[in-house]
>>> print(open('query_13.csv').read())   # CSV, C-alpha atoms
chain,number,residue,atom,x,y,z
L,1,GLU,CA,-146.3,220.6,31.5
L,2,LYS,CA,-146.3,217.1,29.9
L,3,ALA,CA,-149.8,217.8,28.4
L,4,LEU,CA,-148.5,221.2,27.1
L,5,LEU,CA,-145.5,219.6,25.4
L,6,GLY,CA,-147.7,216.9,23.9
L,7,LEU,CA,-150.1,219.4,22.4
L,8,THR,CA,-147.3,221.6,21.1
L,9,SER,CA,-145.8,218.5,19.4
L,10,GLU,CA,-149.2,217.6,18.0
L,11,PHE,CA,-149.7,221.1,16.6
L,12,GLU,CA,-146.2,221.1,14.9
L,13,ILE,CA,-146.5,217.6,13.4
L,14,MET,CA,-150.0,218.4,12.0
L,15,GLN,CA,-148.7,221.6,10.4
L,16,ARG,CA,-145.8,219.7,8.8
L,17,LEU,CA,-148.0,216.8,7.6
L,18,ASN,CA,-150.7,219.1,6.3
L,19,GLN,CA,-148.1,220.8,4.1
L,20,VAL,CA,-146.5,217.6,2.9
L,21,PHE,CA,-149.8,215.9,2.0
L,22,ALA,CA,-151.0,219.0,0.2
L,23,ALA,CA,-149.6,217.5,-3.0
L,24,SER,CA,-151.8,214.4,-2.6
L,25,PRO,CA,-155.5,215.6,-2.9
L,26,ARG,CA,-157.0,212.3,-1.7
L,27,LEU,CA,-154.7,212.0,1.4
L,28,ASN,CA,-155.1,214.6,4.1
L,29,VAL,CA,-154.2,215.8,7.6
L,30,PRO,CA,-156.4,218.6,8.9
L,31,ASN,CA,-154.8,222.0,9.1
L,32,PRO,CA,-154.2,223.1,12.7
L,33,VAL,CA,-155.5,226.6,12.9
L,34,LYS,CA,-154.5,227.7,16.4
L,35,PHE,CA,-153.0,226.4,19.6
L,36,TYR,CA,-154.3,227.6,22.9
L,37,PRO,CA,-151.7,226.8,25.6
L,38,GLU,CA,-153.7,228.4,28.4
L,39,THR,CA,-156.5,226.0,27.9
L,40,LEU,CA,-154.5,223.1,26.5
L,41,SER,CA,-156.6,222.9,23.4
L,42,LEU,CA,-156.1,222.7,19.7
L,43,LEU,CA,-158.3,224.1,16.9
L,44,THR,CA,-158.2,222.5,13.5
L,45,GLU,CA,-160.0,223.2,10.3
L,46,GLU,CA,-163.4,221.4,9.9
L,47,VAL,CA,-163.3,218.0,8.3
L,48,ILE,CA,-166.6,216.9,6.8
L,49,GLY,CA,-167.3,213.3,6.3
L,50,THR,CA,-167.9,210.0,8.0
L,51,GLU,CA,-165.6,208.0,10.3
L,52,LEU,CA,-164.0,205.1,8.4
L,53,GLU,CA,-165.1,202.9,11.3
L,54,THR,CA,-168.8,203.7,10.5
L,55,LEU,CA,-168.3,203.1,6.8
L,56,PHE,CA,-166.7,199.7,7.5
L,57,SER,CA,-169.4,198.7,10.0
L,58,ARG,CA,-172.2,199.5,7.6
L,59,ALA,CA,-170.6,197.6,4.8
L,60,ALA,CA,-170.0,194.5,6.9
L,61,LEU,CA,-173.5,194.2,8.4
L,62,LEU,CA,-175.3,190.9,7.9
L,63,ILE,CA,-178.6,192.8,7.2
L,64,ARG,CA,-179.4,196.2,5.7
L,65,ARG,CA,-175.8,196.6,4.8
L,66,ALA,CA,-174.3,199.4,2.8
L,67,PRO,CA,-172.5,198.9,-0.6
L,68,LEU,CA,-169.0,197.3,-0.1
L,69,LYS,CA,-167.1,198.9,-3.0
L,70,ASN,CA,-166.5,202.3,-1.4
L,71,ALA,CA,-165.5,200.8,2.0
L,72,LEU,CA,-162.9,198.6,0.2
L,73,GLU,CA,-161.6,201.6,-1.8
L,74,MET,CA,-161.2,203.6,1.4
L,75,ALA,CA,-159.5,200.7,3.2
L,76,GLU,CA,-156.9,200.6,0.5
L,77,LEU,CA,-156.5,204.4,0.6
L,78,ALA,CA,-155.8,204.2,4.3
L,79,GLY,CA,-152.9,201.8,3.5
L,80,VAL,CA,-151.6,204.3,0.9
L,81,TRP,CA,-151.8,207.1,3.4
L,82,LEU,CA,-149.8,205.2,6.0
L,83,LYS,CA,-147.1,204.1,3.6
L,84,GLN,CA,-146.6,207.7,2.5
L,85,PHE,CA,-146.6,209.0,6.1
L,86,GLN,CA,-144.0,206.4,7.1
L,87,PHE,CA,-141.7,207.2,4.1
L,88,MET,CA,-142.0,210.9,4.9
L,89,THR,CA,-140.9,210.4,8.5
L,90,LYS,CA,-138.5,207.5,8.1
L,91,ASN,CA,-135.2,207.5,10.1
L,92,SER,CA,-132.8,204.9,8.8
L,93,GLU,CA,-129.9,205.9,11.1
L,94,LEU,CA,-131.2,204.5,14.3
L,95,ALA,CA,-130.8,200.8,15.1
L,96,VAL,CA,-134.2,199.2,16.0
L,97,SER,CA,-134.6,198.2,19.7
L,98,HIS,CA,-137.5,196.4,21.3
L,99,ILE,CA,-136.6,196.9,25.0
L,100,ALA,CA,-138.9,199.8,25.5
L,101,LEU,CA,-141.8,197.7,24.1
L,102,ALA,CA,-140.9,194.9,26.5
L,103,HIS,CA,-141.0,197.3,29.4
L,104,TYR,CA,-144.4,198.6,28.3
L,105,CYS,CA,-145.7,195.0,28.3
L,106,GLN,CA,-144.2,194.2,31.6
L,107,GLU,CA,-145.9,197.1,33.3
L,108,ARG,CA,-149.3,195.9,32.2
L,109,LEU,CA,-148.6,192.3,33.0
L,110,ASP,CA,-147.5,193.3,36.5
L,111,TYR,CA,-150.8,195.1,37.0
L,112,LEU,CA,-152.8,192.0,35.7
L,113,VAL,CA,-150.8,189.6,37.9
L,114,ALA,CA,-151.5,191.8,40.9
L,115,LYS,CA,-155.2,191.8,40.1
L,116,GLN,CA,-155.0,187.9,39.9
L,117,VAL,CA,-156.4,187.9,36.4
L,118,PRO,CA,-156.9,184.2,35.4
L,119,GLY,CA,-154.4,182.9,32.9
L,120,ILE,CA,-151.9,185.8,33.3
L,121,THR,CA,-148.7,184.6,35.0
L,122,ILE,CA,-145.5,186.3,36.1
L,123,ASN,CA,-143.6,184.0,33.7
L,124,MET,CA,-145.1,185.8,30.7
L,125,ALA,CA,-142.9,188.8,31.2
L,126,GLY,CA,-139.8,186.5,30.7
L,127,ASN,CA,-141.2,185.4,27.4
L,128,ILE,CA,-141.8,189.0,26.3
L,129,TYR,CA,-138.2,189.9,27.0
L,130,ARG,CA,-136.9,186.8,25.3
L,131,LEU,CA,-139.0,187.6,22.2
L,132,ALA,CA,-137.7,191.2,22.3
L,133,ASP,CA,-134.1,189.9,22.4
L,134,ILE,CA,-134.8,187.7,19.4
L,135,ALA,CA,-136.4,190.6,17.6
L,136,ASP,CA,-133.3,192.8,18.2
L,137,ARG,CA,-131.0,190.2,16.8
L,138,GLN,CA,-133.2,189.3,13.9
L,139,ALA,CA,-132.5,192.2,11.5
L,140,VAL,CA,-134.8,192.7,8.5
L,141,PRO,CA,-132.9,195.6,6.8
L,142,GLY,CA,-135.1,198.1,4.9
L,143,HIS,CA,-138.4,196.5,6.2
L,144,ILE,CA,-138.3,197.1,9.9
L,145,PHE,CA,-137.3,200.7,10.8
L,146,TYR,CA,-138.0,203.8,12.9
L,147,CYS,CA,-140.4,206.4,11.5
L,148,GLY,CA,-143.3,208.6,12.7
L,149,CYS,CA,-145.9,206.6,14.6
L,150,HIS,CA,-149.4,208.0,14.8
L,151,GLY,CA,-150.0,206.0,18.0
L,152,ASP,CA,-153.6,205.1,17.3
L,153,PHE,CA,-153.9,204.6,13.6
L,154,ALA,CA,-157.4,203.1,13.4
L,155,PRO,CA,-160.7,203.6,11.5
L,156,HIS,CA,-162.2,205.7,14.2
L,157,ASN,CA,-159.4,208.3,13.7
L,158,ILE,CA,-159.9,208.6,10.0
L,159,ILE,CA,-162.6,210.7,8.3
L,160,THR,CA,-163.7,210.1,4.7
L,161,ASP,CA,-166.0,211.9,2.3
L,162,ARG,CA,-165.9,208.6,0.2
L,163,GLN,CA,-163.4,210.2,-2.2
L,164,SER,CA,-160.5,211.1,0.1
L,165,LEU,CA,-159.6,210.7,3.7
L,166,SER,CA,-158.2,212.7,6.6
L,167,VAL,CA,-156.3,211.3,9.5
L,168,LEU,CA,-157.0,212.9,12.9
L,169,ASP,CA,-155.7,212.9,16.5
L,170,PHE,CA,-151.9,212.9,16.6
L,171,THR,CA,-151.9,213.1,20.4
L,172,ASP,CA,-149.8,210.0,20.7
L,173,TYR,CA,-147.4,210.8,17.8
L,174,ARG,CA,-143.8,209.6,18.4
L,175,LEU,CA,-140.8,208.1,16.6
L,176,ASP,CA,-141.2,204.3,16.8
L,177,ILE,CA,-141.0,201.0,14.9
L,178,ASN,CA,-142.9,201.1,11.6
L,179,LEU,CA,-145.0,198.0,12.4
L,180,PHE,CA,-147.0,199.6,15.2
L,181,ASP,CA,-149.5,201.5,13.0
L,182,PRO,CA,-150.4,198.8,10.5
L,183,ILE,CA,-150.7,196.1,13.1
L,184,ASN,CA,-152.9,198.4,15.2
L,185,PHE,CA,-155.2,199.1,12.2
L,186,LEU,CA,-155.5,195.4,11.4
L,187,GLU,CA,-156.2,194.7,15.1
L,188,LYS,CA,-159.0,197.3,15.3
L,189,VAL,CA,-160.7,196.1,12.1
L,190,GLY,CA,-160.3,192.5,13.1
L,191,ARG,CA,-162.2,193.1,16.3
L,192,MET,CA,-165.4,193.1,14.2
L,193,HIS,CA,-164.9,189.3,14.1
L,194,SER,CA,-166.1,189.2,17.7
L,195,TYR,CA,-169.6,190.5,16.8
L,196,PHE,CA,-172.2,188.2,15.2
L,197,ARG,CA,-173.8,191.1,13.3
L,198,TYR,CA,-170.8,191.4,10.9
L,199,ARG,CA,-169.9,189.3,8.0
L,200,HIS,CA,-166.4,187.8,8.7
L,201,THR,CA,-165.6,187.6,5.0
L,202,VAL,CA,-166.1,191.3,4.6
L,203,VAL,CA,-163.9,192.0,7.6
L,204,GLU,CA,-161.1,190.0,6.0
L,205,GLN,CA,-161.6,191.8,2.7
L,206,LEU,CA,-161.3,195.2,4.4
L,207,ASN,CA,-158.0,194.2,6.0
L,208,GLN,CA,-156.7,192.7,2.7
L,209,ARG,CA,-157.4,195.9,0.8
L,210,PHE,CA,-155.7,197.9,3.5
L,211,LEU,CA,-152.6,195.6,3.1
L,212,GLN,CA,-152.7,196.1,-0.7
L,213,GLY,CA,-152.6,199.8,-0.2
L,214,TYR,CA,-149.9,199.7,2.4
L,215,GLY,CA,-147.7,197.1,0.6
L,216,LEU,CA,-144.9,196.9,3.1
L,217,LEU,CA,-145.7,193.7,5.0
L,218,SER,CA,-143.7,191.0,3.2
L,219,THR,CA,-143.8,187.4,4.4
L,220,GLU,CA,-140.4,187.9,6.0
L,221,VAL,CA,-141.7,190.8,8.0
L,222,VAL,CA,-144.9,189.0,9.1
L,223,ASP,CA,-142.9,186.0,10.2
L,224,SER,CA,-140.4,188.1,12.2
L,225,ALA,CA,-140.1,188.2,16.0
L,226,SER,CA,-140.7,192.0,15.8
L,227,TYR,CA,-144.1,191.5,14.2
L,228,ARG,CA,-145.1,188.9,16.8
L,229,LEU,CA,-144.0,191.1,19.6
L,230,ILE,CA,-146.0,194.1,18.4
L,231,GLN,CA,-149.0,191.9,17.8
L,232,ALA,CA,-148.6,190.5,21.3
L,233,ARG,CA,-148.6,194.1,22.6
L,234,CYS,CA,-151.9,194.8,20.8
L,235,VAL,CA,-153.5,191.7,22.2
L,236,LEU,CA,-152.2,192.4,25.7
L,237,LEU,CA,-153.7,195.9,25.5
L,238,ARG,CA,-157.0,194.3,24.5
L,239,ILE,CA,-156.9,192.0,27.6
L,240,PHE,CA,-155.9,195.0,29.8
L,241,ASN,CA,-158.9,197.0,28.5
L,242,ILE,CA,-161.3,194.1,29.0
L,243,VAL,CA,-160.2,193.9,32.6
L,244,LEU,CA,-160.6,197.7,33.1
L,245,ALA,CA,-163.8,198.2,31.2
L,246,ASP,CA,-165.7,195.1,32.5
L,247,GLU,CA,-165.2,195.6,36.2
L,248,LYS,CA,-168.9,196.2,36.6
L,249,TYR,CA,-169.4,192.5,35.7
L,250,SER,CA,-168.7,189.6,37.9
L,251,PRO,CA,-165.2,188.0,37.5
L,252,GLN,CA,-166.8,184.8,36.3
L,253,LYS,CA,-168.7,186.5,33.5
L,254,ARG,CA,-165.8,188.7,32.6
L,255,TYR,CA,-163.1,186.0,32.3
L,256,ASN,CA,-165.4,183.4,30.7
L,257,SER,CA,-166.3,185.8,27.9
L,258,ARG,CA,-165.4,184.6,24.4
L,259,MET,CA,-163.4,187.8,23.8
L,260,TYR,CA,-161.2,187.3,26.9
L,261,LEU,CA,-160.6,183.6,26.3
L,262,LYS,CA,-159.7,184.1,22.7
L,263,SER,CA,-157.4,187.0,23.5
L,264,LEU,CA,-155.6,185.0,26.3
L,265,THR,CA,-155.0,182.1,23.9
L,266,GLU,CA,-153.8,184.4,21.2
L,267,PHE,CA,-151.4,186.2,23.5
L,268,SER,CA,-150.0,183.0,24.9
L,269,GLU,CA,-149.3,181.7,21.4
L,270,LEU,CA,-147.6,184.9,20.2
L,271,ILE,CA,-145.1,185.0,23.1
L,272,ASP,CA,-144.3,181.3,23.1
L,273,CYS,CA,-140.6,181.2,22.3
>>> encode(input="query_13.csv", output="structure tokens")
Amino acid sequence: EKALLGLTSEFEIMQRLNQVFAASPRLNVPNPVKFYPETLSLLTEEVIGTELETLFSRAALLIRRAPLKNALEMAELAGVWLKQFQFMTKNSELAVSHIALAHYCQERLDYLVAKQVPGITINMAGNIYRLADIADRQAVPGHIFYCGCHGDFAPHNIITDRQSLSVLDFTDYRLDINLFDPINFLEKVGRMHSYFRYRHTVVEQLNQRFLQGYGLLSTEVVDSASYRLIQARCVLLRIFNIVLADEKYSPQKRYNSRMYLKSLTEFSELIDC
């Protein structure tokens, strides 16, 4: 029943967004053609192109790299898409609360503590709740608000034909704080820093062009407790996925990896309050 409700919601939001974005020829959402409740499946129109993740990866390679210009243009266009999406779905009436986010983080911390993951302590949950309390009291009117949240706004969910782009997969769509989607995008692109085959300067350029297109992350917002908390959530999820995905490796190899140690340090610094 939950899966059925989720797909129904996804079908309806895609219908709505497809109509709204129809006036913007370079910004798209695939038209959902038919919903099949009996098989819990959704048919959409075909989207021809390349994943934005592939375009970014090829442009950032150290050797045999693709031209950078188009990748930067599409990074900026992704920011423009997100800004328009958030303005279309903005809800200014609700007071922003971070308690649900704190609960989400605590559930994952409890799991990691139970698994005796090195560096993860039970005290971290207290820091998360303190940061959430600060974020609730630290109002940034007009800049931190509720709106539609894609749920996984990232290059692998965006298709481009090098002139326009289409955003896919609204499975996790919900009403949430506007900072989730841009921070998730920056986090996913930033992960390329962990691989030696990519040029770090290009990775930074891609994120900077995305921010130019998005245009809603002022210094005040980036310095806010809300921004830090949502960043911490992204890093915690990265740690959580490292633990789940790397169980085939020995604990010593897993927890001494550069990615894990860097993520643990980053998480600890973000929740330090």
>>> atom_distance(input="query_13.csv", atom1="CA of Phe11 (chain L)", atom2="CA of Ser97 (chain L)")
27.6 Å
>>> residues_around(input="query_13.csv", residues="region 155-172 of chain L", least_positions_apart="3", cutoff="7 Å", atoms="only C-alpha atoms", output="short mmCIF file (atom, residue, chain, number, x, y, z; two decimals) with C-alpha atoms, keeping the file's coordinate frame")
data_model
loop_
_atom_site.label_atom_id
_atom_site.label_comp_id
_atom_site.auth_asym_id
_atom_site.auth_seq_id
_atom_site.Cartn_x
_atom_site.Cartn_y
_atom_site.Cartn_z
CA GLY L 6 -147.70 216.90 23.90
CA LEU L 7 -150.10 219.40 22.40
CA GLU L 10 -149.20 217.60 18.00
CA ARG L 26 -157.00 212.30 -1.70
CA LEU L 27 -154.70 212.00 1.40
CA ASN L 28 -155.10 214.60 4.10
CA VAL L 29 -154.20 215.80 7.60
CA PRO L 30 -156.40 218.60 8.90
CA ILE L 48 -166.60 216.90 6.80
CA GLY L 49 -167.30 213.30 6.30
CA THR L 50 -167.90 210.00 8.00
CA GLU L 51 -165.60 208.00 10.30
CA LEU L 52 -164.00 205.10 8.40
CA GLU L 53 -165.10 202.90 11.30
CA ASN L 70 -166.50 202.30 -1.40
CA MET L 74 -161.20 203.60 1.40
CA HIS L 150 -149.40 208.00 14.80
CA GLY L 151 -150.00 206.00 18.00
#
>>> atom_distance(input="query_13.csv", atom1="CA of Arg174 (chain L)", atom2="CA of Ile242 (chain L)")
25.7 Å
>>> atom_distance(input="query_13.csv", atom1="CA of Ser268 (chain L)", atom2="CA of Leu179 (chain L)")
20.2 Å
>>> closest_residue(input="query_13.csv", among="L:Phe267, L:Phe210, L:Phe145, L:Phe35", to="Phe56 (chain L)", atoms="all atoms listed in the file")
L:Phe210
>>> closest_residue(input="query_13.csv", among="L:Gln212, L:Gln231, L:Ala225, L:Tyr198", to="Leu62 (chain L)", atoms="all atoms listed in the file")
L:Tyr198
>>> residues_near_point(input="query_13.csv", point="(-143.6, 185.0, 34.9)", cutoff="12 Å", atoms="all atoms listed in the file", output="list in words")
Gln106, Leu109, Asp110, Leu112, Val113, Gly119, Ile120, Thr121, Ile122, Asn123, Met124, Ala125, Gly126, Asn127, Ile128, Tyr129, Arg130 and Ile271 of chain L
>>> closest_residue(input="query_13.csv", among="L:Leu68, L:Ala132, L:Ser194, L:Gln116", to="His103 (chain L)", atoms="only C-alpha atoms")
L:Ala132
>>> closest_residue(input="query_13.csv", among="L:Ala139, L:Phe21, L:Leu131, L:Glu73", to="Met88 (chain L)", atoms="all atoms listed in the file")
L:Phe21
>>> residues_near_point(input="query_13.csv", point="(-154.6, 196.9, 14.1)", cutoff="12 Å", atoms="all atoms listed in the file", output="PDB file with C-alpha atoms, in the coordinates of the input")
ATOM      1  CA  GLY L  79    -152.900 201.800   3.500  1.00  0.00           C
ATOM      2  CA  GLY L 151    -150.000 206.000  18.000  1.00  0.00           C
ATOM      3  CA  ASP L 152    -153.600 205.100  17.300  1.00  0.00           C
ATOM      4  CA  PHE L 153    -153.900 204.600  13.600  1.00  0.00           C
ATOM      5  CA  ALA L 154    -157.400 203.100  13.400  1.00  0.00           C
ATOM      6  CA  PRO L 155    -160.700 203.600  11.500  1.00  0.00           C
ATOM      7  CA  HIS L 156    -162.200 205.700  14.200  1.00  0.00           C
ATOM      8  CA  LEU L 179    -145.000 198.000  12.400  1.00  0.00           C
ATOM      9  CA  PHE L 180    -147.000 199.600  15.200  1.00  0.00           C
ATOM     10  CA  ASP L 181    -149.500 201.500  13.000  1.00  0.00           C
ATOM     11  CA  PRO L 182    -150.400 198.800  10.500  1.00  0.00           C
ATOM     12  CA  ILE L 183    -150.700 196.100  13.100  1.00  0.00           C
ATOM     13  CA  ASN L 184    -152.900 198.400  15.200  1.00  0.00           C
ATOM     14  CA  PHE L 185    -155.200 199.100  12.200  1.00  0.00           C
ATOM     15  CA  LEU L 186    -155.500 195.400  11.400  1.00  0.00           C
ATOM     16  CA  GLU L 187    -156.200 194.700  15.100  1.00  0.00           C
ATOM     17  CA  LYS L 188    -159.000 197.300  15.300  1.00  0.00           C
ATOM     18  CA  VAL L 189    -160.700 196.100  12.100  1.00  0.00           C
ATOM     19  CA  GLY L 190    -160.300 192.500  13.100  1.00  0.00           C
ATOM     20  CA  ARG L 191    -162.200 193.100  16.300  1.00  0.00           C
ATOM     21  CA  MET L 192    -165.400 193.100  14.200  1.00  0.00           C
ATOM     22  CA  LEU L 206    -161.300 195.200   4.400  1.00  0.00           C
ATOM     23  CA  ASN L 207    -158.000 194.200   6.000  1.00  0.00           C
ATOM     24  CA  PHE L 210    -155.700 197.900   3.500  1.00  0.00           C
ATOM     25  CA  LEU L 211    -152.600 195.600   3.100  1.00  0.00           C
ATOM     26  CA  TYR L 227    -144.100 191.500  14.200  1.00  0.00           C
ATOM     27  CA  ILE L 230    -146.000 194.100  18.400  1.00  0.00           C
ATOM     28  CA  GLN L 231    -149.000 191.900  17.800  1.00  0.00           C
ATOM     29  CA  ALA L 232    -148.600 190.500  21.300  1.00  0.00           C
ATOM     30  CA  ARG L 233    -148.600 194.100  22.600  1.00  0.00           C
ATOM     31  CA  CYS L 234    -151.900 194.800  20.800  1.00  0.00           C
ATOM     32  CA  VAL L 235    -153.500 191.700  22.200  1.00  0.00           C
ATOM     33  CA  LEU L 237    -153.700 195.900  25.500  1.00  0.00           C
ATOM     34  CA  ARG L 238    -157.000 194.300  24.500  1.00  0.00           C
TER      35      ARG L 238
END
>>> closest_residue(input="query_13.csv", among="L:Lys69, L:Asn31, L:Ala60, L:Ile239", to="Val47 (chain L)", atoms="all atoms listed in the file")
L:Asn31
>>> closest_atom_pairs(input="query_13.csv", of="region 44-154 of chain L", to="region 17-20 of chain L", cutoff="12 Å", atoms="all atoms listed in the file", output="CSV")
residue,atom,partner,partner_atom,distance
L:Thr44,CA,L:Asn18,CA,10.9
L:Glu45,CA,L:Asn18,CA,10.9
L:Trp81,CA,L:Leu17,CA,11.2
L:Leu82,CA,L:Leu17,CA,11.8
L:Gln84,CA,L:Val20,CA,9.9
L:Phe85,CA,L:Leu17,CA,8.1
L:Gln86,CA,L:Leu17,CA,11.2
L:Phe87,CA,L:Val20,CA,11.5
L:Met88,CA,L:Val20,CA,8.3
L:Thr89,CA,L:Leu17,CA,9.6
L:Gly148,CA,L:Leu17,CA,10.7
L:His150,CA,L:Leu17,CA,11.5
>>> write_last_selection(input="query_13.csv", atoms="C-alpha atoms", output="compact mmCIF listing (two decimals), keeping the file's coordinate frame")
# COMPACT_ATOMS: atom_id res chain seq x y z
CA THR L 44 -158.20 222.50 13.50
CA GLU L 45 -160.00 223.20 10.30
CA TRP L 81 -151.80 207.10 3.40
CA LEU L 82 -149.80 205.20 6.00
CA GLN L 84 -146.60 207.70 2.50
CA PHE L 85 -146.60 209.00 6.10
CA GLN L 86 -144.00 206.40 7.10
CA PHE L 87 -141.70 207.20 4.10
CA MET L 88 -142.00 210.90 4.90
CA THR L 89 -140.90 210.40 8.50
CA GLY L 148 -143.30 208.60 12.70
CA HIS L 150 -149.40 208.00 14.80
>>> closest_residue(input="query_13.csv", among="L:Asp136, L:Glu46, L:Glu12, L:Glu76", to="Gly213 (chain L)", atoms="all atoms listed in the file")
L:Glu76
